[in-house]
>>> print(open('my_file.cif').read())   # mmCIF, C-alpha atoms and all ligand atoms
data_data
#
loop_
_atom_site.label_atom_id
_atom_site.label_comp_id
_atom_site.auth_asym_id
_atom_site.auth_seq_id
_atom_site.Cartn_x
_atom_site.Cartn_y
_atom_site.Cartn_z
CA MET A 1 0.00 0.00 0.00
CA PRO A 2 1.67 3.27 -1.09
CA GLU A 3 1.84 6.20 1.31
CA ALA A 4 -1.27 8.41 1.11
CA MET A 5 -0.46 11.55 -0.85
CA THR A 6 -2.44 14.64 -1.67
CA ILE A 7 -2.12 17.04 -4.56
CA GLY A 8 -1.95 20.72 -3.73
CA VAL A 9 -3.10 23.22 -6.35
CA ASP A 10 -2.36 26.92 -5.97
CA ILE A 11 -4.45 29.12 -8.26
CA GLY A 12 -3.53 32.74 -8.87
CA GLY A 13 -4.73 35.31 -11.35
CA THR A 14 -2.01 34.39 -13.87
CA LYS A 15 -0.76 30.90 -12.98
CA VAL A 16 -1.71 27.54 -11.53
CA ALA A 17 0.99 25.71 -9.56
CA ALA A 18 0.54 22.14 -8.37
CA GLY A 19 2.56 19.48 -6.63
CA LEU A 20 2.43 16.23 -4.75
CA VAL A 21 2.38 16.65 -0.96
CA ASP A 22 3.37 13.74 1.29
CA SER A 23 2.19 13.01 4.82
CA SER A 24 4.95 15.09 6.40
CA GLY A 25 4.41 18.07 4.14
CA GLY A 26 7.19 17.35 1.68
CA ILE A 27 6.51 18.60 -1.83
CA SER A 28 7.58 16.94 -5.07
CA HIS A 29 6.73 16.79 -8.79
CA LYS A 30 5.82 20.45 -8.99
CA THR A 31 4.18 21.80 -12.13
CA ARG A 32 3.09 25.21 -13.33
CA ALA A 33 0.57 26.20 -15.97
CA PRO A 34 -0.78 29.57 -17.07
CA MET A 35 -4.17 30.42 -15.55
CA VAL A 36 -6.78 31.64 -18.01
CA ALA A 37 -8.77 33.80 -15.62
CA THR A 38 -10.66 36.05 -18.01
CA GLY A 39 -12.34 33.53 -20.35
CA ASP A 40 -15.28 31.27 -19.58
CA ALA A 41 -15.53 29.04 -16.52
CA ALA A 42 -14.62 25.86 -18.41
CA THR A 43 -11.43 27.38 -19.83
CA GLY A 44 -10.40 28.46 -16.34
CA PHE A 45 -11.05 24.95 -15.07
CA ALA A 46 -9.08 23.42 -17.96
CA ALA A 47 -5.98 25.26 -16.68
CA VAL A 48 -6.47 23.66 -13.26
CA LYS A 49 -6.99 20.23 -14.85
CA ASP A 50 -3.81 20.67 -16.94
CA ALA A 51 -1.75 21.43 -13.83
CA VAL A 52 -3.08 18.35 -11.98
CA ASP A 53 -2.70 16.12 -15.06
CA ALA A 54 0.91 17.29 -15.32
CA VAL A 55 1.61 16.09 -11.75
CA PHE A 56 0.14 12.67 -12.59
CA SER A 57 2.16 12.41 -15.79
CA LYS A 58 5.38 13.30 -13.93
CA PHE A 59 4.61 10.62 -11.34
CA PRO A 60 2.17 7.99 -12.65
CA GLU A 61 2.29 6.05 -9.35
CA ALA A 62 0.35 8.96 -7.85
CA HIS A 63 -2.82 7.54 -9.43
CA GLY A 64 -3.11 4.89 -6.73
CA ALA A 65 -1.76 6.99 -3.88
CA VAL A 66 -3.55 10.34 -4.08
CA THR A 67 -6.37 10.48 -1.54
CA GLY A 68 -7.45 14.06 -2.13
CA ILE A 69 -6.89 17.25 -4.06
CA GLY A 70 -6.73 20.55 -2.21
CA ILE A 71 -7.03 23.88 -3.94
CA CYS A 72 -6.06 27.40 -2.91
CA SER A 73 -8.19 29.80 -4.87
CA PRO A 74 -8.57 33.56 -4.80
CA GLY A 75 -11.65 34.44 -2.76
CA PRO A 76 -14.31 35.12 -1.84
CA LEU A 77 -15.26 31.48 -1.67
CA ASP A 78 -17.22 29.12 0.55
CA PRO A 79 -14.85 26.56 2.07
CA LYS A 80 -17.80 24.44 3.27
CA THR A 81 -19.26 23.88 -0.19
CA GLY A 82 -16.11 24.41 -2.27
CA VAL A 83 -17.90 27.05 -4.35
CA VAL A 84 -15.87 30.00 -5.64
CA LEU A 85 -18.11 33.05 -5.41
CA ASN A 86 -16.89 36.10 -7.39
CA PRO A 87 -13.12 36.61 -7.12
CA PRO A 88 -11.95 39.89 -8.71
CA ASN A 89 -8.69 38.21 -9.79
CA VAL A 90 -10.42 35.24 -11.40
CA PRO A 91 -13.46 36.75 -13.15
CA CYS A 92 -14.14 33.56 -15.14
CA TRP A 93 -15.71 31.97 -12.07
CA ARG A 94 -18.99 33.18 -10.61
CA ASN A 95 -20.58 30.84 -8.07
CA TYR A 96 -18.44 28.11 -9.57
CA PRO A 97 -18.50 24.67 -7.85
CA LEU A 98 -14.72 24.18 -8.07
CA ALA A 99 -14.43 21.36 -5.50
CA ALA A 100 -17.32 19.44 -7.07
CA GLU A 101 -15.77 19.78 -10.55
CA VAL A 102 -12.38 18.52 -9.34
CA GLU A 103 -14.08 15.58 -7.60
CA ARG A 104 -16.08 14.75 -10.74
CA VAL A 105 -13.02 14.82 -13.02
CA PHE A 106 -10.44 13.15 -10.76
CA GLY A 107 -12.65 10.92 -8.60
CA VAL A 108 -11.10 11.89 -5.25
CA PRO A 109 -12.32 14.27 -2.50
CA ALA A 110 -11.47 17.92 -3.08
CA ARG A 111 -11.27 20.92 -0.73
CA VAL A 112 -11.07 24.63 -1.53
CA ASP A 113 -9.87 27.46 0.68
CA ASN A 114 -8.04 30.77 0.42
CA ASP A 115 -4.25 30.83 0.36
CA ALA A 116 -3.60 32.29 3.83
CA ASN A 117 -5.97 29.89 5.61
CA ALA A 118 -4.41 26.96 3.75
CA ALA A 119 -0.82 28.09 4.33
CA GLY A 120 -1.61 28.57 8.02
CA LEU A 121 -2.90 24.99 8.18
CA ALA A 122 0.28 23.67 6.49
CA GLU A 123 2.41 25.53 9.05
CA ALA A 124 0.26 24.14 11.89
CA LEU A 125 0.49 20.56 10.58
CA TRP A 126 4.06 20.41 9.33
CA GLY A 127 5.81 23.73 9.69
CA ALA A 128 6.78 26.32 12.26
CA GLY A 129 3.43 25.88 14.06
CA ALA A 130 3.71 22.10 14.48
CA GLY A 131 3.68 21.21 18.16
CA TYR A 132 1.43 24.16 19.04
CA THR A 133 -2.33 23.98 19.57
CA ASN A 134 -3.42 27.52 18.58
CA VAL A 135 -1.59 29.03 15.62
CA PHE A 136 -1.87 32.52 14.19
CA TYR A 137 -0.39 32.72 10.69
CA ALA A 138 0.28 35.75 8.54
CA THR A 139 1.73 36.06 5.10
CA LEU A 140 3.35 39.46 4.64
CA GLY A 141 3.93 40.27 0.99
CA THR A 142 2.16 42.19 -1.75
CA GLY A 143 -0.83 41.95 0.56
CA ILE A 144 -1.25 40.73 4.12
CA GLY A 145 -3.25 37.54 4.56
CA THR A 146 -3.90 35.72 7.81
CA GLY A 147 -5.11 32.34 8.99
CA ILE A 148 -6.24 31.10 12.39
CA VAL A 149 -5.75 27.41 13.11
CA PHE A 150 -7.09 25.96 16.36
CA ASP A 151 -6.17 22.37 17.13
CA LYS A 152 -5.18 21.67 13.47
CA LYS A 153 -8.50 23.08 12.22
CA ILE A 154 -8.92 26.32 10.27
CA TYR A 155 -11.21 28.79 12.02
CA HIS A 156 -13.63 29.87 9.27
CA GLY A 157 -16.24 31.91 11.09
CA ARG A 158 -19.93 31.93 10.23
CA THR A 159 -19.72 32.06 6.42
CA GLY A 160 -16.06 31.26 5.80
CA SER A 161 -14.95 34.90 5.84
CA ALA A 162 -13.08 34.95 9.16
CA ALA A 163 -9.36 35.69 9.61
CA GLU A 164 -9.09 38.72 7.35
CA GLY A 165 -6.51 40.07 9.76
CA GLY A 166 -4.70 42.04 7.06
CA HIS A 167 -7.67 44.39 6.98
CA MET A 168 -7.75 45.15 10.67
CA THR A 169 -7.25 48.90 10.81
CA ILE A 170 -4.74 50.33 13.24
CA ASP A 171 -5.22 53.97 12.12
CA PHE A 172 -8.63 55.12 10.93
CA HIS A 173 -7.08 58.32 9.53
CA GLY A 174 -4.48 56.21 7.75
CA HIS A 175 -3.76 55.45 4.11
CA LEU A 176 -6.68 54.22 2.00
CA CYS A 177 -6.58 50.44 1.57
CA GLY A 178 -7.60 48.56 -1.57
CA CYS A 179 -10.51 47.15 0.45
CA GLY A 180 -12.02 50.62 0.95
CA LYS A 181 -11.10 51.06 4.61
CA HIS A 182 -8.37 53.34 5.97
CA GLY A 183 -5.22 52.36 7.81
CA CYS A 184 -5.50 48.58 7.47
CA ILE A 185 -2.19 46.94 8.38
CA GLU A 186 -2.03 45.87 4.70
CA ALA A 187 -2.28 49.53 3.63
CA LEU A 188 0.70 50.35 5.89
CA ALA A 189 3.04 47.39 6.03
CA SER A 190 2.62 45.33 2.84
CA GLY A 191 5.52 45.37 0.37
CA PRO A 192 4.03 48.05 -1.91
CA ASN A 193 3.18 50.18 1.13
CA ILE A 194 6.69 49.88 2.59
CA ALA A 195 7.87 51.16 -0.80
CA ARG A 196 5.25 53.95 -0.73
CA ARG A 197 6.37 55.09 2.71
CA ALA A 198 10.00 54.99 1.61
CA ARG A 199 9.23 57.09 -1.50
CA ALA A 200 7.39 59.66 0.63
CA ARG A 201 10.48 60.04 2.85
CA LEU A 202 12.81 60.22 -0.13
CA ALA A 203 10.84 62.73 -2.21
CA GLY A 204 12.79 65.98 -2.25
CA ALA A 205 15.67 64.42 -0.29
CA GLY A 206 19.19 64.26 -1.63
CA ALA A 207 21.05 61.25 -3.00
CA SER A 208 19.92 57.97 -1.51
CA ARG A 209 21.20 54.41 -1.62
CA ILE A 210 17.58 53.22 -1.97
CA VAL A 211 17.01 55.29 -5.11
CA GLN A 212 20.43 54.27 -6.42
CA LEU A 213 19.45 50.59 -6.08
CA ALA A 214 16.03 51.16 -7.66
CA GLY A 215 17.19 53.34 -10.55
CA SER A 216 14.66 56.06 -9.82
CA LEU A 217 12.32 57.20 -7.04
CA GLU A 218 9.29 55.85 -8.91
CA GLN A 219 10.85 52.38 -9.16
CA VAL A 220 11.56 51.99 -5.43
CA ARG A 221 10.23 48.66 -4.16
CA ALA A 222 10.36 47.01 -0.74
CA GLU A 223 13.29 44.84 -1.90
CA HIS A 224 15.40 47.95 -2.49
CA VAL A 225 14.57 49.21 0.99
CA GLY A 226 15.61 45.81 2.38
CA GLN A 227 18.88 45.79 0.46
CA ALA A 228 19.74 49.36 1.54
CA PHE A 229 18.86 48.44 5.14
CA ARG A 230 21.31 45.53 5.06
CA GLU A 231 23.95 47.99 3.83
CA GLY A 232 23.24 50.25 6.81
CA ASP A 233 21.30 53.01 5.01
CA ALA A 234 19.67 55.42 7.47
CA VAL A 235 16.38 56.07 5.62
CA ALA A 236 15.87 52.35 4.98
CA THR A 237 16.48 51.69 8.68
CA GLU A 238 13.88 54.35 9.59
CA VAL A 239 11.30 52.89 7.20
CA LEU A 240 11.75 49.32 8.42
CA THR A 241 11.84 50.38 12.08
CA GLU A 242 8.52 52.15 11.51
CA THR A 243 7.23 48.98 9.79
CA ALA A 244 8.24 46.99 12.87
CA HIS A 245 6.28 49.42 15.07
CA LEU A 246 3.20 49.12 12.86
CA LEU A 247 3.40 45.32 12.97
CA THR A 248 3.87 45.41 16.75
CA VAL A 249 0.67 47.44 17.26
CA TRP A 250 -1.20 45.06 14.99
CA LEU A 251 0.16 41.88 16.59
CA GLY A 252 -0.66 43.33 20.01
CA ASN A 253 -4.31 43.43 18.94
CA ILE A 254 -4.05 39.87 17.64
CA VAL A 255 -2.58 38.68 20.94
CA ASP A 256 -5.32 40.37 22.97
CA LEU A 257 -7.99 38.81 20.74
CA LEU A 258 -6.61 35.28 20.30
CA GLU A 259 -3.66 34.73 22.63
CA PRO A 260 -2.22 32.16 20.23
CA ASP A 261 0.52 29.71 21.24
CA VAL A 262 2.67 30.85 18.34
CA MET A 263 2.65 33.49 15.60
CA VAL A 264 4.06 32.26 12.29
CA VAL A 265 4.85 34.75 9.55
CA GLY A 266 5.83 34.05 5.96
CA GLY A 267 6.25 35.92 2.70
CA GLY A 268 8.80 38.32 1.28
CA VAL A 269 8.14 41.11 3.79
CA ALA A 270 8.50 38.64 6.67
CA GLU A 271 11.97 37.78 5.39
CA LEU A 272 12.73 41.48 5.04
CA MET A 273 11.63 42.07 8.64
CA SER A 274 13.10 38.95 10.24
CA SER A 275 15.90 40.83 12.00
CA PHE A 276 13.19 42.83 13.83
CA PHE A 277 11.27 39.79 15.13
CA GLU A 278 13.02 39.81 18.49
CA SER A 279 12.37 43.49 19.12
CA ILE A 280 8.73 43.14 17.95
CA ALA A 281 8.19 40.27 20.40
CA LYS A 282 9.84 42.27 23.19
CA ARG A 283 7.70 45.37 22.55
CA LEU A 284 4.46 43.39 22.22
CA SER A 285 3.71 43.84 25.90
CA ASN A 286 3.53 47.62 25.29
CA TRP A 287 0.74 47.05 22.77
CA ALA A 288 -1.22 44.26 24.40
CA ILE A 289 -3.04 44.16 27.69
CA ASN A 290 -1.78 40.59 27.94
CA GLN A 291 1.09 40.74 30.42
CA ARG A 292 2.68 37.63 28.97
CA ALA A 293 2.43 38.70 25.31
CA SER A 294 6.20 38.71 24.90
CA GLU A 295 6.38 35.00 25.71
CA ILE A 296 4.55 34.12 22.47
CA PRO A 297 7.09 33.00 19.85
CA LEU A 298 7.13 35.03 16.62
CA VAL A 299 8.74 32.76 14.05
CA MET A 300 9.43 32.51 10.34
CA ALA A 301 7.27 30.14 8.32
CA ARG A 302 8.67 26.85 6.98
CA TYR A 303 7.20 27.34 3.54
CA GLY A 304 8.19 30.15 1.22
CA ALA A 305 7.10 30.22 -2.41
CA ASP A 306 5.55 26.74 -2.00
CA ALA A 307 3.19 27.82 0.80
CA GLY A 308 0.18 27.64 -1.54
CA ILE A 309 0.92 24.09 -2.73
CA ALA A 310 1.68 22.89 0.82
CA GLY A 311 -1.42 24.62 2.14
CA ALA A 312 -3.65 23.17 -0.55
CA GLY A 313 -2.22 19.73 0.14
CA ALA A 314 -2.89 20.24 3.85
CA LEU A 315 -6.58 20.96 3.23
CA CYS A 316 -7.19 17.26 2.52
CA ARG A 317 -5.37 16.22 5.70
CA SER A 318 -7.44 18.17 8.16
CA THR A 319 -10.79 17.03 9.45
CA ALA A 320 -11.63 20.74 9.58
CA ASN A 321 -12.28 20.79 5.89
CA LEU A 322 -14.32 17.65 5.47
CA ARG A 323 -17.49 18.71 3.78
ZN ZN A 401 -8.00 46.86 3.95
#
>>> encode(input="my_file.cif", output="structure tokens")
Amino acid sequence: MPEAMTIGVDIGGTKVAAGLVDSSGGISHKTRAPMVATGDAATGFAAVKDAVDAVFSKFPEAHGAVTGIGICSPGPLDPKTGVVLNPPNVPCWRNYPLAAEVERVFGVPARVDNDANAAGLAEALWGAGAGYTNVFYATLGTGIGTGIVFDKKIYHGRTGSAAEGGHMTIDFHGHLCGCGKHGCIEALASGPNIARRARARLAGAGASRIVQLAGSLEQVRAEHVGQAFREGDAVATEVLTETAHLLTVWLGNIVDLLEPDVMVVGGGVAELMSSFFESIAKRLSNWAINQRASEIPLVMARYGADAGIAGAGALCRSTANLR
């Protein structure tokens, strides 16, 4: 009897990535196909089918071993029914029964969830959150996504819309967020907003290492700020120190709401900010009523670019997602 495997499928607006995920969260036989998000529903689904077929053709033995297919899809979606509702990034699907279609075509159970919930589950099962009961997960990147995993189960809330922690506001006069609210942590501390805050500081200033790395003020991205910070640049240090303060205020709220056993953060901005983790953890007690807030470990995620595949694979391992 071969080891039970799952296939994890990570759908974005432009690509579908898939891979085989084993029972300890190891990933193999990865594939990538372009996502056709703007055509009809069947064309969008064909891209998903192609990516899964490609995993099977790379590893034919998977046919007998795969016990489920998990899918990370842009939301909003209903994780209970596996129906994708009306994602702005994947306009081909409106009330589309993605899980049911995958089950019909491949003949194994399928689960659908958003990428941050799924990645949080993978960290709780196999990653930096393994060994902890209550896990708060955040992916800090182009956006900020969060997942709450209690006892290896994703906390979905009433309709599956819980854990949108990236859109908790910490400043109601703050910068306008893409979601329509002001001062969401995403509108302050995501990669593009780190770059925005850096550009605001640099406008009208003299020569800067950040601008030198970027080529021009307009081209400044968070990566340039990170590189300049590592080289000891003063403005980059100011911008990232401010980012650390913003994240501390936010995580203080999270601690007072959830008091998780661990906080796991992944994504490019998490890597950029990793040298601040210790000081964030130390200052948490200033921003939480919880007197033991600083005891909660703040750690880097196990999964990087493969978080979506691992997370999708994890969806079929958790009883939380049995429909
Ligand atoms: Zn927002």
>>> residues_around(input="my_file.cif", residues="range 103-109 of chain A", least_positions_apart="4", cutoff="10 Å", atoms="only C-alpha atoms", output="ChimeraX atom specification")
/A:6,49,52-53,63,66-70,98-99,316,322-323
>>> residues_around(input="my_file.cif", residues="Glu278 in chain A", least_positions_apart="5", cutoff="12 Å", atoms="all atoms listed in the file", output="ChimeraX atom specification")
/A:244,248,273,283-284,294-300
>>> atom_distance(input="my_file.cif", atom1="CA of Ile289 in chain A", atom2="CA of Ile185 in chain A")
19.5 Å
>>> closest_atom_pairs(input="my_file.cif", of="chain A", to="ligand ZN 401 (chain A)", cutoff="10 Å", atoms="all atoms listed in the file", output="Markdown table")
| residue | atom | partner | partner_atom | distance |
| --- | --- | --- | --- | --- |
| A:Gly143 | CA | A:ZN401 | ZN | 9.3 |
| A:Ile144 | CA | A:ZN401 | ZN | 9.1 |
| A:Glu164 | CA | A:ZN401 | ZN | 8.9 |
| A:Gly165 | CA | A:ZN401 | ZN | 9.1 |
| A:Gly166 | CA | A:ZN401 | ZN | 6.6 |
| A:His167 | CA | A:ZN401 | ZN | 3.9 |
| A:Met168 | CA | A:ZN401 | ZN | 6.9 |
| A:Thr169 | CA | A:ZN401 | ZN | 7.2 |
| A:His175 | CA | A:ZN401 | ZN | 9.6 |
| A:Leu176 | CA | A:ZN401 | ZN | 7.7 |
| A:Cys177 | CA | A:ZN401 | ZN | 4.5 |
| A:Gly178 | CA | A:ZN401 | ZN | 5.8 |
| A:Cys179 | CA | A:ZN401 | ZN | 4.3 |
| A:Gly180 | CA | A:ZN401 | ZN | 6.3 |
| A:Lys181 | CA | A:ZN401 | ZN | 5.3 |
| A:His182 | CA | A:ZN401 | ZN | 6.8 |
| A:Gly183 | CA | A:ZN401 | ZN | 7.3 |
| A:Cys184 | CA | A:ZN401 | ZN | 4.6 |
| A:Ile185 | CA | A:ZN401 | ZN | 7.3 |
| A:Glu186 | CA | A:ZN401 | ZN | 6.1 |
| A:Ala187 | CA | A:ZN401 | ZN | 6.3 |
| A:Leu188 | CA | A:ZN401 | ZN | 9.6 |
>>> write_last_selection(input="my_file.cif", atoms="C-alpha atoms", output="compact mmCIF listing (two decimals), in the frame of the given file")
# COMPACT_ATOMS: atom_id res chain seq x y z
CA GLY A 143 -0.83 41.95 0.56
CA ILE A 144 -1.25 40.73 4.12
CA GLU A 164 -9.09 38.72 7.35
CA GLY A 165 -6.51 40.07 9.76
CA GLY A 166 -4.70 42.04 7.06
CA HIS A 167 -7.67 44.39 6.98
CA MET A 168 -7.75 45.15 10.67
CA THR A 169 -7.25 48.90 10.81
CA HIS A 175 -3.76 55.45 4.11
CA LEU A 176 -6.68 54.22 2.00
CA CYS A 177 -6.58 50.44 1.57
CA GLY A 178 -7.60 48.56 -1.57
CA CYS A 179 -10.51 47.15 0.45
CA GLY A 180 -12.02 50.62 0.95
CA LYS A 181 -11.10 51.06 4.61
CA HIS A 182 -8.37 53.34 5.97
CA GLY A 183 -5.22 52.36 7.81
CA CYS A 184 -5.50 48.58 7.47
CA ILE A 185 -2.19 46.94 8.38
CA GLU A 186 -2.03 45.87 4.70
CA ALA A 187 -2.28 49.53 3.63
CA LEU A 188 0.70 50.35 5.89
>>> closest_residue(input="my_file.cif", among="A:Ile148, A:Val102, A:Ile194, A:Ile71", to="Asn114 in chain A", atoms="only C-alpha atoms")
A:Ile71
>>> atom_distance(input="my_file.cif", atom1="CA of Ala17 in chain A", atom2="CA of Gly147 in chain A")
20.6 Å
>>> closest_residue(input="my_file.cif", among="A:Val269, A:Ala301, A:Ile170, A:Ala189", to="Trp250 in chain A", atoms="only C-alpha atoms")
A:Ile170
>>> atom_distance(input="my_file.cif", atom1="CA of Val135 in chain A", atom2="CA of Val264 in chain A")
7.3 Å
>>> residues_around(input="my_file.cif", residues="Ser73 in chain A", least_positions_apart="5", cutoff="12 Å", atoms="only C-alpha atoms", output="number ranges by chain")
A: 8-17, 35, 37, 44-45, 48, 78-79, 82-90, 93, 96-99, 111-119, 308-309, 311-312
>>> residues_around(input="my_file.cif", residues="range 205-222 of chain A", least_positions_apart="2", cutoff="7 Å", atoms="all atoms listed in the file", output="MDAnalysis selection string")
chainID A and resid 191:192 194:195 199 202:203 224:226 228 233
>>> residues_around(input="my_file.cif", residues="Arg292 in chain A", least_positions_apart="6", cutoff="10 Å", atoms="all atoms listed in the file", output="PyMOL selection string")
chain A and resi 255+259+284-285
>>> closest_residue(input="my_file.cif", among="A:Cys72, A:Val149, A:Leu121, A:Ala41", to="Asn134 in chain A", atoms="all atoms listed in the file")
A:Val149
>>> closest_residue(input="my_file.cif", among="A:Arg94, A:Leu315, A:Thr241, A:Gly267", to="Ser279 in chain A", atoms="only C-alpha atoms")
A:Thr241
>>> residues_near_point(input="my_file.cif", point="(0.7, 25.6, 12.2)", cutoff="12 Å", atoms="all atoms listed in the file", output="ChimeraX atom specification")
/A:25,116-138,146-154,260-266,299-303,307,310-311,314,318
